[in-house]
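All remarks here apply to the structure that follows.
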Amino acid sequence: MKARPLLLSASFALLAVTAQPGEWGHKKFIELGWDIPDTSFLRANWAEMERTTPFGGVMFQIAAKDDQAQPISSQAVWDPKPWKRAWLEPALADLRACRFTNFTDNFVRFNATPGNLDWADDAGWQALADKAGHCAWLMQQTGGKGLAIDFESYGARQFRYDAAKGRSFAQTAALARRRGAQFTQGIAREFPQAVLLALWLNSVNFQAGNLPLPEAVLASSGYGLLPAFIDGMLDTLPPTMTLVDGCENGYYMDSAEAYLRAANQMRSWQGPALRLVSPENRAKYRCQVQAGFGFYLDMFLNRATNHYYFPPLEGSRLARLERNLRFARDAADEYVWIYGEQCRWWSVPVQAPQSVGQGRPWEEAMPGLSRAIAFVRDPLAAAQAELARLRQSRTLTNLVENGDLAQPAGPQAEALPAHFSVWQDEKTAPGKFAWDNAVGGGSARASKVNRGCFLQAVPVRPGETLAVQAQCLPRGASNPSLIIRWQKEDGAWTQPQEDKTFLFKPGASEWRQAFGVVTVPSQAAKLLILLNVTSQLSDQDVCWFDNVELYRL
């Protein structure tokens with residue numbers, strides 16, 4: 001057993017995973033579903049929810065009662081009826097009782113339902129702005145992130161232009177812009193740092209935005225007045241507030257190109273989303289509106305006869321889900337909201353008797369789903385946790401031969417470590433590679449290497465996920481890194497865009513540690529581990545490598 005094991009003990013590793021986000025830790029996966037909890041449910045179950053699900057936050061509803069003990073809900077708030085802040089006091093107490101650690105980005109769901117406000121109703125729109133403010137106040141007081149706004153018309157068609165009201169489309173759009181400004185003002189008064197995660201913004205109107213005269217389409221579309229409302233929101237958006245276009249059309253995207261195209265359409269100065277914004281607000285839009293995506297779990301569970309269906313990838317629908325979710329993560333600025341209808345993540349009942357899911361737990365309906373989401377959300381943290389569990393169960397198998405570098409390749413003084421070869425740039429002065437028995441009970445030593453590496457090839461299969469880690473001890477001018485490359489069976493290099501570089505970071509001792517997670521790309525048959533070093537200029541510039549480990553996950 002070598003000293004300085006890189007893997008942490010199980011308990012400490014799990015704590016470290018919680019405390020320190022990994023490479024993709026800034027990307028947030030937010031849950032929404034038919035199992036939407038209210039604040040009382042959160043109070044009773046928040047710890048279990050965090051422990052058993054792979055999310056960075058949850059959309060929840062406010063369920064309260066008015067002075068007549070009649071129920072009110074943030075899911076049915078878009079009407080002229082005013083609220084009193086005192087009605088939210090029980091919800092305030094519920095949220096203050098929660099001690100969220102994993103759920104760092106929680107949102108209160110705020111629906112455009114029943115959606116029956118007349119655009120000229122000053123009192124009604126003031127009541128709505130005040131209700132948005134009450135919800136923002138609740139989130140500001142309890143460490144929430146903001147409001148999750150759903151503009152979808154589940155009731156009346158608030159954002160469809162109605163000529164029967166006696167106003168032109170331009171007149172109605174001007175009113176809608178004024179109401180959007182009023183709406184944002186109500187939120188900003190209470191929580192100027194809020195994030196407003198809309199399930200869609202202008203992404204719902206890309207078709208109109210691609211036309212020279214968008215009004216020609218907007219005047220007859222279901223959400224034709226929404227761009228004007230959004231423009232009004234931008235009018236009064238404080239510089240500390242963020243809007244997110246959640247692009248619900250992400251449900252149907254099935255390629256990296258589709259997600260990236262949509263993200264570009266939301267962000268680009270010449271994209272359809274910006275063309276629906278007034279010129280004076282376009283700079284603010286670029287600075288304060290993020291591209292996000294909706295992701296529909298039911299697409300990967302429904303039967304093939306269902307319109308909402310994605311087929312298997314290499315024999316597995318879960319593999320397709322993981323691939324598409326990775327595409328969504330990479331294209332989003334920060335938020336992906338993961339939506340499901342026919343199953344549940346927690347014990348809130350879901351009535352879906354005719355569906356494949358039938359209201360069962362998601363993990364029961366799709367075994368491995370939680371792990372798949374966790375690995376896409378933050379591969380490094382998920383891999384650290386899984387390795388800790390495997391170490392505890394003593395089922396780890398290191399795929400690297402002589403990974404502890406305890407064996408030399410031969411008896412000669414300058415022998416290399418067994419099972420490792422070397423490469424260096426022939427255009428520079430030759431450096432020295434050797435096995436060193438005086439450091440760490442055996443290690444690989446590189447000195448005066450301007451550009452070179454120790455390397456070993458390991459057989460792999462496309463689609464596998466592996467964790468790789470190593471240690472190094474640099475002295476003098478040494479710039480070490482851990483690099484993963486790929487070869488075909490015949491040794492030809494493949495998929496250079498899939499090469500990965502992981503940096504050695506300082507640890508508790510003088511030895512530095514590198515850790516990474518890779519997925520084997522198509523066509524690759526071998527994974528190449530490169531213990532790379534550059535910038536060594538003299539014999540005093542030395543770097544030792546040790547404890548090289550590679551594990552299938």
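By order in the structure tokens, chains are A, B, ...; within a chain, residues start at 1; ligands start at 1, following the order shown.
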Item checked: Neighbour list for A:Asp105 as number ranges by chain, cut-off 8 Å, only C-alpha atoms, skip fewer than 5 positions in-chain -> A: 28, 30, 56-58, 144-145
Next item on the list: Enumerate the residues of stretch 139-273 of chain A with a DSSP assignment of alpha helix (DSSP H), computed from the backbone, and present them as a ChimeraX atom specification.
Entry: /A:139-142,169-190,206-209,215-218,226-236,256-267,272-273
Note to self: Report as a count of residues only all protein, DNA and RNA residues lying within 9 Å of A:Val518, evaluated on only C-alpha atoms, omitting residues in the same chain fewer than 6 positions from it.
What the structure shows: 9
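Across A:Gly294, A:Arg189, A:Gly222, A:Met253, the tightest approach to A:Pro238 is made by A:Arg189 when counting only C-alpha atoms.
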Next item on the list: Kindly give the distance, in Å, that separates atom CA of A:Tyr252 and atom CA of A:Ser522, rounded to a single decimal.
Entry: 23.8 Å
Next item on the list: Select from stretch 259-482 of chain A everything DSSP, run on the backbone, classes as strand (DSSP E), then give the selection as a PyMOL selection string.
Entry: chain A and resi 289-291+293-296+335-340+421-424+432-436+443-447+451-459+465-475+479-482
Writing out the chosen residues with C-alpha atoms as a PDB file, in the first residue's frame:
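Produced file part-v1.pdb, reproduced below:
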ATOM      1  CA  VAL A 289     -30.833  37.911 -20.072  1.00  0.00           C
ATOM      2  CA  GLN A 290     -29.495  34.369 -19.965  1.00  0.00           C
ATOM      3  CA  ALA A 291     -30.166  31.418 -22.235  1.00  0.00           C
ATOM      4  CA  PHE A 293     -33.454  25.259 -21.447  1.00  0.00           C
ATOM      5  CA  GLY A 294     -36.386  23.103 -20.450  1.00  0.00           C
ATOM      6  CA  PHE A 295     -35.756  19.347 -20.436  1.00  0.00           C
ATOM      7  CA  TYR A 296     -38.710  16.938 -20.570  1.00  0.00           C
ATOM      8  CA  TYR A 335     -30.042  27.097 -15.758  1.00  0.00           C
ATOM      9  CA  VAL A 336     -31.651  23.935 -17.079  1.00  0.00           C
ATOM     10  CA  TRP A 337     -35.063  23.147 -15.618  1.00  0.00           C
ATOM     11  CA  ILE A 338     -35.943  19.462 -15.667  1.00  0.00           C
ATOM     12  CA  TYR A 339     -39.651  18.766 -16.002  1.00  0.00           C
ATOM     13  CA  GLY A 340     -41.647  15.588 -15.564  1.00  0.00           C
ATOM     14  CA  SER A 421       6.659   4.740 -22.188  1.00  0.00           C
ATOM     15  CA  VAL A 422       7.823   8.304 -22.810  1.00  0.00           C
ATOM     16  CA  TRP A 423       7.650  10.977 -25.493  1.00  0.00           C
ATOM     17  CA  GLN A 424       9.342  14.340 -25.809  1.00  0.00           C
ATOM     18  CA  LYS A 432      15.638  12.839 -18.706  1.00  0.00           C
ATOM     19  CA  PHE A 433      12.875  10.352 -17.848  1.00  0.00           C
ATOM     20  CA  ALA A 434      13.447   7.661 -15.216  1.00  0.00           C
ATOM     21  CA  TRP A 435      12.031   5.572 -12.411  1.00  0.00           C
ATOM     22  CA  ASP A 436      13.019   6.913  -8.986  1.00  0.00           C
ATOM     23  CA  SER A 443       7.754   7.238  -8.810  1.00  0.00           C
ATOM     24  CA  ALA A 444       8.252   8.577 -12.329  1.00  0.00           C
ATOM     25  CA  ARG A 445      10.819  11.405 -12.567  1.00  0.00           C
ATOM     26  CA  ALA A 446      11.133  13.954 -15.363  1.00  0.00           C
ATOM     27  CA  SER A 447      13.947  16.526 -15.357  1.00  0.00           C
ATOM     28  CA  ARG A 451       7.969  19.329 -23.560  1.00  0.00           C
ATOM     29  CA  GLY A 452       7.287  15.653 -22.942  1.00  0.00           C
ATOM     30  CA  CYS A 453       5.381  13.040 -20.984  1.00  0.00           C
ATOM     31  CA  PHE A 454       5.135   9.572 -19.509  1.00  0.00           C
ATOM     32  CA  LEU A 455       2.240   7.680 -21.101  1.00  0.00           C
ATOM     33  CA  GLN A 456       0.266   4.459 -20.938  1.00  0.00           C
ATOM     34  CA  ALA A 457      -2.555   3.121 -23.127  1.00  0.00           C
ATOM     35  CA  VAL A 458      -5.612   1.435 -21.595  1.00  0.00           C
ATOM     36  CA  PRO A 459      -8.283  -0.472 -23.602  1.00  0.00           C
ATOM     37  CA  THR A 465     -17.366   6.884 -18.159  1.00  0.00           C
ATOM     38  CA  LEU A 466     -14.065   6.787 -16.293  1.00  0.00           C
ATOM     39  CA  ALA A 467     -12.450   8.715 -13.466  1.00  0.00           C
ATOM     40  CA  VAL A 468      -8.730   9.441 -13.729  1.00  0.00           C
ATOM     41  CA  GLN A 469      -6.412  10.833 -11.097  1.00  0.00           C
ATOM     42  CA  ALA A 470      -2.726  11.231 -10.376  1.00  0.00           C
ATOM     43  CA  GLN A 471      -0.256  13.049  -8.126  1.00  0.00           C
ATOM     44  CA  CYS A 472       2.841  15.066  -8.855  1.00  0.00           C
ATOM     45  CA  LEU A 473       5.632  16.807  -6.933  1.00  0.00           C
ATOM     46  CA  PRO A 474       7.152  19.680  -8.969  1.00  0.00           C
ATOM     47  CA  ARG A 475      10.424  21.366  -8.175  1.00  0.00           C
ATOM     48  CA  ASN A 479       4.555  22.924 -15.503  1.00  0.00           C
ATOM     49  CA  PRO A 480       2.801  19.538 -15.067  1.00  0.00           C
ATOM     50  CA  SER A 481      -0.632  18.441 -16.302  1.00  0.00           C
ATOM     51  CA  LEU A 482      -2.658  15.250 -16.710  1.00  0.00           C
TER      52      LEU A 482
END
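Across the structure, atom CA of A:Ser73 and atom CA of A:Ser355 are spaced 26.9 Å apart.
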Selection: 9 Å around A:Leu276, only C-alpha atoms, excl. self and same-chain fewer than 6 positions, as a PDB file with C-alpha atoms, in the first residue's frame:
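Written file, selection.pdb:
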ATOM      1  CA  ASN A 202     -38.810  35.521 -26.650  1.00  0.00           C
ATOM      2  CA  ASN A 205     -41.646  33.788 -30.791  1.00  0.00           C
ATOM      3  CA  PHE A 206     -38.518  32.973 -32.814  1.00  0.00           C
ATOM      4  CA  ALA A 208     -41.803  36.251 -35.683  1.00  0.00           C
ATOM      5  CA  GLY A 209     -38.334  37.475 -34.756  1.00  0.00           C
ATOM      6  CA  PRO A 214     -42.545  40.670 -36.663  1.00  0.00           C
ATOM      7  CA  PRO A 227     -42.459  40.538 -26.552  1.00  0.00           C
ATOM      8  CA  ALA A 228     -43.960  43.912 -25.637  1.00  0.00           C
ATOM      9  CA  ASP A 231     -39.686  44.870 -23.362  1.00  0.00           C
TER      10      ASP A 231
END
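Closest approach to A:Ala429 among A:Asp254, A:Asp539, A:Glu280, A:Glu334: A:Asp539, based on only C-alpha atoms.
With atom CA of A:Asp150 on one side and atom CA of A:Trp34 on the other, the separation reads 14.1 Å.
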Item checked: Selection near A:Leu197, 9 Å with only C-alpha atoms, sequence-local residues under 5 positions removed, as number ranges by chain -> A: 107, 146-150, 242-246, 292, 335
Notebook entry, point to check: Excluding same-chain residues fewer than 2 positions from stretch 315-330 of chain A, what lies within 7 Å of it counting only C-alpha atoms, as a ChimeraX atom specification?
Noted result: /A:27,254-256,259,293,300,311-313,332,336,372-373,376
Checklist line | Minimum-distance residue to A:Arg157, chosen among A:Ile187, A:Ala352, A:Leu117, A:Val195 (using only C-alpha atoms) | finding: A:Leu117
Note to self: Taking only C-alpha atoms into account, name the residue in A:Asn102, A:Ser478, A:Gln342, A:Asn306 that is nearest to A:Trp46.
What the structure shows: A:Asn102
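The shell of residues at most 9 Å from A:Gln126, with only C-alpha atoms counted and near chain neighbours (fewer than 4 positions) removed, consists of Pro80, Pro82, Asp121, Asp122, Asp130, Lys131, Arg179, Gln182, Phe183 and Gly186 of chain A.
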With N, CA and C atoms kept, could you save the residues just selected as a short mmCIF file (atom, residue, chain, number, x, y, z; two decimals), in the first residue's frame?
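Result file follows (result-v3.cif):
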data_model
loop_
_atom_site.label_atom_id
_atom_site.label_comp_id
_atom_site.auth_asym_id
_atom_site.auth_seq_id
_atom_site.Cartn_x
_atom_site.Cartn_y
_atom_site.Cartn_z
N PRO A 80 -57.02 40.05 -10.95
CA PRO A 80 -57.02 41.36 -10.29
C PRO A 80 -57.22 41.31 -8.78
N PRO A 82 -56.31 41.30 -5.06
CA PRO A 82 -55.10 41.63 -4.29
C PRO A 82 -54.82 40.59 -3.20
N ASP A 121 -56.73 47.68 -17.24
CA ASP A 121 -57.17 47.63 -15.85
C ASP A 121 -56.03 48.04 -14.92
N ASP A 122 -55.95 49.32 -14.62
CA ASP A 122 -54.85 49.83 -13.79
C ASP A 122 -54.82 49.17 -12.42
N ASP A 130 -48.13 43.87 -7.15
CA ASP A 130 -47.96 43.74 -5.70
C ASP A 130 -47.81 42.27 -5.30
N LYS A 131 -48.57 41.37 -5.94
CA LYS A 131 -48.44 39.94 -5.62
C LYS A 131 -47.06 39.43 -6.01
N ARG A 179 -47.36 47.37 -18.72
CA ARG A 179 -47.64 46.40 -17.65
C ARG A 179 -46.40 45.56 -17.31
N GLN A 182 -44.39 47.65 -15.00
CA GLN A 182 -45.05 47.66 -13.69
C GLN A 182 -44.77 46.37 -12.93
N PHE A 183 -44.82 45.26 -13.64
CA PHE A 183 -44.58 43.94 -13.05
C PHE A 183 -43.17 43.85 -12.46
N GLY A 186 -42.63 45.92 -9.31
CA GLY A 186 -43.15 45.30 -8.09
C GLY A 186 -42.15 44.33 -7.48
#
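Closest approach to A:Leu503 among A:Ala273, A:Leu531, A:Ala69, A:Ala477: A:Leu531, based on only C-alpha atoms.
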